[in-house]
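> This one is coords.txt, compact mmCIF, C-alpha atoms.
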# COMPACT_ATOMS: atom_id res chain seq x y z
CA LYS A 374 -10.34 2.86 -5.99
CA LYS A 375 -6.94 4.26 -6.93
CA PRO A 376 -4.89 5.50 -3.93
CA LYS A 377 -4.35 9.26 -3.83
CA LYS A 378 -0.78 9.03 -2.57
CA THR A 379 2.16 6.69 -2.12
CA ILE A 380 4.40 6.23 0.89
CA VAL A 381 7.72 4.48 0.28
CA VAL A 382 9.51 3.18 3.39
CA VAL A 383 13.10 2.47 2.45
CA GLY A 384 16.09 0.93 4.23
CA HIS A 385 19.11 -0.21 2.22
CA TYR A 386 20.53 -3.66 2.98
CA ASP A 387 24.14 -3.50 1.74
CA THR A 388 27.09 -2.90 4.09
CA ALA A 389 30.17 -0.67 3.95
CA ARG A 390 33.86 -1.44 4.10
CA SER A 391 35.57 -0.98 7.46
CA ASN A 392 36.70 2.63 7.99
CA ILE A 393 39.86 2.77 10.09
CA GLY A 394 39.78 6.57 10.04
CA LEU A 395 36.59 6.67 12.10
CA ARG A 396 38.25 4.50 14.72
CA PHE A 397 41.23 6.82 15.17
CA LEU A 398 39.27 10.07 14.86
CA ARG A 399 36.41 9.04 17.14
CA PRO A 400 36.57 12.11 19.47
CA LEU A 401 36.48 14.49 16.49
CA SER A 402 33.77 12.46 14.77
CA LYS A 403 31.54 12.62 17.84
CA ASN A 404 31.87 16.40 17.98
CA VAL A 405 31.11 16.86 14.28
CA VAL A 406 28.11 14.52 14.47
CA MET A 407 26.40 16.48 17.23
CA ASN A 408 27.26 19.97 15.98
CA ALA A 409 27.08 19.56 12.20
CA GLU A 410 24.06 21.82 11.76
CA LYS A 411 25.88 24.67 13.53
CA LEU A 412 28.95 24.43 11.29
CA PRO A 413 29.40 26.35 8.00
CA PRO A 414 28.07 24.28 5.06
CA PHE A 415 31.53 23.42 3.69
CA PHE A 416 32.44 21.70 6.97
CA ARG A 417 29.23 19.71 7.59
CA GLY A 418 29.97 16.64 5.50
CA PRO A 419 31.91 13.43 6.15
CA SER A 420 34.95 14.87 4.34
CA PHE A 421 35.26 17.46 7.13
CA LEU A 422 39.02 17.06 7.59
CA ILE A 423 39.78 17.16 3.86
CA ASN A 424 37.77 20.36 3.57
CA VAL A 425 39.76 21.88 6.44
CA GLY A 426 42.94 20.96 4.56
CA VAL A 427 41.64 22.58 1.38
CA VAL A 428 40.89 25.83 3.24
CA LEU A 429 44.37 25.84 4.80
CA ASN A 430 45.89 25.20 1.39
CA PHE A 431 43.98 28.22 0.04
CA PHE A 432 45.51 30.50 2.70
CA MET A 433 48.99 29.44 1.64
CA PHE A 434 48.67 31.66 -1.45
CA PHE A 435 48.38 34.74 0.78
CA VAL A 436 51.19 33.97 3.22
CA TYR A 437 54.60 35.40 2.42
CA GLN A 438 56.45 34.77 5.68
CA PRO A 439 58.54 31.59 5.28
CA ALA A 440 57.90 30.41 8.83
CA ALA A 441 54.10 30.86 8.54
CA PHE A 442 54.11 29.24 5.10
CA ALA A 443 56.02 26.24 6.42
CA ALA A 444 53.68 25.91 9.42
CA ILE A 445 50.53 25.97 7.27
CA SER A 446 52.11 23.55 4.76
CA ALA A 447 53.00 21.11 7.53
CA LEU A 448 49.52 21.33 9.09
CA THR A 449 47.88 20.84 5.68
CA LEU A 450 50.04 17.78 5.01
CA LEU A 451 49.32 16.44 8.49
CA ILE A 452 45.58 16.66 7.77
CA LEU A 453 45.42 15.60 4.13
CA LEU A 454 47.90 12.73 4.09
CA PRO A 455 46.23 10.47 6.70
CA THR A 456 42.73 11.25 5.44
CA THR A 457 43.74 10.51 1.85
CA ILE A 458 45.36 7.23 2.91
CA THR A 459 42.20 6.36 4.86
CA MET A 460 39.99 7.04 1.84
CA PHE A 461 42.09 4.83 -0.44
CA SER A 462 42.19 2.10 2.21
CA LEU A 463 38.39 1.75 1.80
CA PHE A 464 39.05 -0.11 -1.46
CA PHE A 465 40.87 -2.86 0.44
CA THR A 466 39.40 -3.13 3.95
CA PRO A 467 36.85 -5.90 4.67
CA PHE A 468 33.11 -5.38 4.48
CA VAL A 469 31.57 -4.98 7.93
CA PRO A 470 28.78 -7.24 9.26
CA GLY A 471 26.44 -4.22 9.20
CA ALA A 472 23.99 -5.14 11.95
CA PHE A 473 23.45 -1.47 12.78
CA ASP A 474 24.07 -0.03 9.31
CA ASN A 475 21.86 -1.14 7.92
CA ALA A 476 20.40 -4.54 8.81
CA SER A 477 18.45 -2.79 11.58
CA GLY A 478 16.77 -0.45 9.09
CA ALA A 479 16.08 -3.17 6.52
CA ALA A 480 14.62 -5.43 9.22
CA VAL A 481 12.14 -2.75 10.32
CA VAL A 482 11.12 -2.20 6.69
CA MET A 483 10.40 -5.92 6.27
CA SER A 484 8.53 -6.06 9.57
CA LEU A 485 6.34 -3.14 8.47
CA ALA A 486 5.68 -4.86 5.14
CA SER A 487 4.45 -7.95 6.97
CA ARG A 488 2.32 -5.87 9.33
CA PHE A 489 0.58 -3.82 6.65
CA SER A 490 0.00 -6.81 4.38
CA HIS A 491 -2.78 -7.71 6.83
CA ASP A 492 -3.94 -4.15 7.60
CA LYS A 493 -7.16 -3.15 5.82
CA THR A 494 -7.49 0.25 7.48
CA ILE A 495 -5.23 2.10 5.03
CA LYS A 496 -7.67 3.32 2.39
CA ASN A 497 -6.07 6.25 0.55
CA THR A 498 -2.42 5.33 0.34
CA ARG A 499 -0.36 2.86 -1.64
CA LEU A 500 2.45 1.49 0.51
CA VAL A 501 5.82 0.44 -0.89
CA PHE A 502 8.43 -1.24 1.34
CA LEU A 503 11.85 -1.13 -0.27
CA THR A 504 15.28 -2.52 0.66
CA PRO A 505 17.62 -1.43 -2.15
CA GLY A 506 21.29 -2.30 -2.39
CA ALA A 507 24.34 -0.28 -3.40
CA GLU A 508 23.88 2.62 -0.99
CA GLU A 509 27.23 2.30 0.73
CA ASN A 510 29.24 1.70 -2.43
CA LYS A 511 27.97 4.74 -4.33
CA ILE A 512 26.14 2.82 -7.05
CA HIS A 513 22.77 3.92 -5.67
CA GLY A 514 20.16 1.21 -6.04
CA ILE A 515 17.58 3.81 -5.03
CA GLU A 516 18.37 5.83 -8.16
CA THR A 517 17.54 2.84 -10.36
CA PHE A 518 14.27 2.37 -8.46
CA LEU A 519 13.29 6.00 -9.00
CA ARG A 520 14.18 5.88 -12.67
CA THR A 521 12.32 2.68 -13.47
CA THR A 522 9.15 2.93 -11.37
CA LYS A 523 7.97 6.35 -12.64
CA LEU A 524 6.30 7.38 -9.39
CA ASP A 525 4.41 10.66 -9.23
CA LYS A 526 6.68 13.23 -7.59
CA GLN A 527 3.87 15.30 -6.11
CA SER A 528 2.00 12.48 -4.37
CA THR A 529 4.88 10.22 -3.30
CA ILE A 530 6.46 10.49 0.17
CA PHE A 531 9.64 8.73 1.30
CA ILE A 532 10.59 7.66 4.83
CA ASN A 533 14.19 6.48 5.10
CA LEU A 534 15.67 4.20 7.78
CA GLU A 535 19.42 4.30 8.48
CA GLY A 536 20.85 2.56 11.53
CA VAL A 537 17.92 2.31 13.94
CA GLY A 538 19.47 -0.22 16.33
CA ALA A 539 21.31 2.03 18.81
CA ASP A 540 19.95 3.21 22.18
CA GLU A 541 18.19 6.47 21.27
CA LEU A 542 15.92 6.93 18.26
CA LYS A 543 16.24 10.16 16.23
CA ILE A 544 14.14 11.85 13.53
CA ALA A 545 16.33 13.69 11.03
CA ASN A 546 15.36 16.97 9.41
CA GLY A 547 18.15 17.01 6.83
CA GLU A 548 21.61 15.80 5.86
CA SER A 549 24.92 16.79 4.26
CA ASP A 550 26.65 15.49 1.17
CA TYR A 551 30.40 14.89 0.96
CA PHE A 552 31.11 18.55 0.21
CA GLY A 553 29.03 19.78 3.15
CA ASN A 554 26.06 20.97 1.09
CA THR A 555 22.76 20.89 2.98
CA TRP A 556 19.82 18.74 1.83
CA MET A 557 16.79 19.51 3.99
CA TYR A 558 13.78 17.21 4.09
CA ASP A 559 10.22 18.38 3.38
CA GLN A 560 9.37 20.80 6.19
CA GLU A 561 5.59 20.43 5.90
CA LEU A 562 5.80 16.66 6.25
CA PHE A 563 8.39 16.95 9.01
CA SER A 564 6.04 19.19 10.98
CA ILE A 565 3.44 16.38 10.88
CA ILE A 566 6.05 13.96 12.20
CA LYS A 567 7.00 16.35 15.01
CA LYS A 568 3.36 16.56 16.08
CA ILE A 569 3.21 12.77 16.29
CA ARG A 570 6.49 12.80 18.24
CA ASP A 571 5.19 15.41 20.68
CA SER A 572 2.04 13.37 21.26
CA LYS A 573 3.31 9.79 21.50
CA PHE A 574 7.12 9.61 21.25
CA LYS A 575 8.38 12.48 23.40
CA ASP A 576 11.79 10.94 24.02
CA VAL A 577 12.69 10.99 20.30
CA GLU A 578 14.90 13.98 19.43
CA GLU A 579 15.45 15.84 16.18
CA PHE A 580 18.79 15.34 14.46
CA TYR A 581 20.75 16.69 11.50
CA VAL A 582 22.75 13.95 9.74
CA PRO A 583 26.32 15.01 8.79
CA ALA A 584 26.53 12.41 6.02
CA SER A 585 24.85 11.47 2.77
CA SER A 586 22.22 8.74 2.40
CA ASP A 587 19.58 7.53 -0.05
CA SER A 588 17.54 10.56 1.06
CA ARG A 589 19.83 12.91 -0.87
CA ILE A 590 19.33 10.89 -4.06
CA ILE A 591 15.56 10.95 -3.51
CA ILE A 592 15.52 14.74 -3.07
CA LYS A 593 17.89 15.21 -6.02
CA ASN A 594 15.36 13.38 -8.21
CA GLY A 595 12.57 15.73 -7.15
CA PHE A 596 10.76 13.60 -4.57
CA LYS A 597 9.77 14.45 -0.98
CA VAL A 598 11.50 12.95 2.04
CA ALA A 599 9.46 13.23 5.23
CA THR A 600 12.27 12.18 7.55
CA MET A 601 15.06 9.71 8.07
CA PHE A 602 14.96 7.59 11.22
CA THR A 603 18.35 6.92 12.74
CA SER A 604 19.74 6.36 16.24
CA LEU A 605 22.73 7.01 18.47
CA ASN A 606 23.98 5.60 21.75
CA LYS A 607 23.85 7.66 24.94
CA ASN A 608 27.31 9.08 24.23
CA ASN A 609 25.77 10.80 21.16
CA TYR A 610 27.62 8.48 18.80
CA TYR A 611 27.65 4.89 17.60
CA ASP A 612 31.14 3.49 18.22
CA TYR A 613 30.71 0.51 15.90
CA TYR A 614 29.63 2.54 12.85
CA HIS A 615 31.36 1.12 9.76
CA GLN A 616 33.51 -1.15 11.93
CA THR A 617 33.96 -4.93 11.89
CA SER A 618 32.50 -4.88 15.43
CA ASP A 619 29.07 -3.82 14.05
CA THR A 620 27.48 -7.13 15.03
CA LEU A 621 24.07 -8.34 16.14
CA ASP A 622 24.91 -8.44 19.86
CA LYS A 623 25.26 -4.61 19.87
CA ILE A 624 21.70 -3.99 18.62
CA ASN A 625 19.01 -2.46 20.82
CA PHE A 626 15.81 -4.13 19.63
CA LYS A 627 13.63 -1.82 21.75
CA THR A 628 14.73 1.09 19.57
CA MET A 629 13.83 -0.84 16.43
CA ASN A 630 10.42 -1.62 17.90
CA GLU A 631 9.89 2.06 18.77
CA CYS A 632 10.87 3.03 15.22
CA GLU A 633 8.32 0.63 13.75
CA LYS A 634 5.54 1.94 15.99
CA PHE A 635 6.41 5.54 15.08
CA ILE A 636 6.24 4.78 11.35
CA VAL A 637 2.89 3.03 11.79
CA GLU A 638 1.54 6.25 13.32
CA ILE A 639 3.00 8.33 10.47
CA ILE A 640 1.41 6.13 7.81
CA LYS A 641 -1.99 6.17 9.51
CA THR A 642 -1.87 9.95 10.02
CA ILE A 643 -0.89 10.72 6.42
CA ASP A 644 -3.49 8.26 5.09
CA LYS A 645 -6.25 10.17 6.88
CA LYS A 646 -5.21 13.52 5.41
CA SER A 647 -6.87 14.59 2.18
Could you render the structure as structure tokens?

Amino acid sequence: KKPKKTIVVVGHYDTARSNIGLRFLRPLSKNVVMNAEKLPPFFRGPSFLINVGVVLNFFMFFVYQPAAFAAISALTLLILLPTTITMFSLFFTPFVPGAFDNASGAAVVMSLASRFSHDKTIKNTRLVFLTPGAEENKIHGIETFLRTTKLDKQSTIFINLEGVGADELKIANGESDYFGNTWMYDQELFSIIKKIRDSKFKDVEEFYVPASSDSRIIIKNGFKVATMFTSLNKNNYYDYYHQTSDTLDKINFKTMNECEKFIVEIIKTIDKKS
């Protein structure tokens, strides 16, 4: 009997280069992370500061007072110069260990693959467990997967895992690209996930991700993303994100276990639906 639908659980396994900018701008980063959904679209993405500089630069064309022009020019330079230097430094900084981003996500994907290889209760769904590379370095292994596998766009559902080893698990409803554009996940599928959360995982909060992931590539190619699981520490941030200190000793394995159990419930629930 051919399965009626496909669920792809994905968690990339490559790591990023160390981002010194995140270390120095930690207070600002924390604020943007928690309030991204409330910000205008242009300011929601990871290039938040550069976008602020671009807007200030635009106003310079309408300022004719020398003192005001000089002040805006200085502020624009103060914003753009360090952020530009930080961006170029990413070509030379070391790759981080990546225990949080994204060994934690890839590990849960592999654990789920092992679990469902022995599960005979899933009758109507083909399960694919995927750990692509090249997510951090903008080559997009997921795009190659989508192009070569020829999955049906109407019957295929993606669940993405990005950094699930912090203290508090989150279910994301959407994300931003580098220019602050909004990419929302499938609302019908997300409503199913919220019902599961309300029933069995009440401590898991909704979250809007102010950065781009494999989910954006999936949506761009016409597929459905149900949610992206991620996590934050109790200070509403993850201090070791894209840092050389992102090591195994910082991982909260209880959160990873909770993430796995949640996804098991999602798969079983979707499998039962016609």
> Kindly indicate which residue among A:Lys641, A:Lys496, A:Arg589, A:Lys597 lies nearest to Asp550 of chain A, using all atoms listed in the file for the distances.
A:Arg589
> In Å, rounded to a single decimal, give me how far atom CA of Ser391 of chain A is from atom CA of Pro467 of chain A.
5.8 Å
> Choose the residue, out of A:Arg390, A:Phe489, A:Asp619, A:Lys645, that has the smallest atom-to-atom separation from Asn510 of chain A; count all atoms listed in the file.
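Closest residue, counting all atoms listed in the file: A:Arg390.
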> What does the distance between atom CA of Ile592 of chain A and atom CA of Lys575 of chain A come to in Å, to one decimal place?
27.5 Å
> State, in Å with one decimal place, the distance from atom CA of Leu524 of chain A to atom CA of His385 of chain A.
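So the answer is 18.9 Å.
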> Using only C-alpha atoms, pick whichever of A:Phe502, A:Ser490, A:Ala443, A:Gly478 has the shortest atom-to-atom distance to Val381 of chain A.
A:Phe502
> Would you mind telling me which residue in A:Ser586, A:Ser484, A:Asn475, A:Ser528 lies nearest to Ile380 of chain A when using all atoms listed in the file?
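With all atoms listed in the file as the atom set, the closest residue is A:Ser528.
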> For each of A:Phe473, A:Phe464, A:Phe580, A:Phe518, take the minimum atom-to-atom distance to Thr388 of chain A, counting only C-alpha atoms, then give the residue where this is smallest.
A:Phe473
> Looking at A:Met557, A:Val382, A:Val537, A:Ala447, which one is nearest to Tyr614 of chain A, with distances taken over all atoms listed in the file?
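Result for the nearest residue to Tyr614 of chain A: A:Val537.
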> Can you pull out every residue within 8 Å of Lys607 of chain A, counting all atoms listed in the file, but drop anything in the same chain fewer than 3 positions away, and send it as a list in words?
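The neighbour list is Asp540, Glu541 and Tyr610 of chain A.
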> Write out as a ChimeraX atom specification which residues come within 12 Å of Lys567 of chain A when counting all atoms listed in the file, dropping same-chain ones fewer than 6 positions away.
/A:543-546,560-561,573-580,599-600,635,638-639
> So which residues are close to (-1.5, 8.7, 4.7), meaning at most 10 Å away in the file's coordinates with all atoms listed in the file counted, and can you show them as a list of chain:residue names?
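Residues with an atom at most 10 Å from (-1.5, 8.7, 4.7): A:Pro376, A:Lys377, A:Lys378, A:Thr379, A:Ile380, A:Ile495, A:Lys496, A:Asn497, A:Thr498, A:Arg499, A:Leu500, A:Ile530, A:Glu638, A:Ile639, A:Ile640, A:Lys641, A:Thr642, A:Ile643, A:Asp644, A:Lys645, A:Lys646, A:Ser647.
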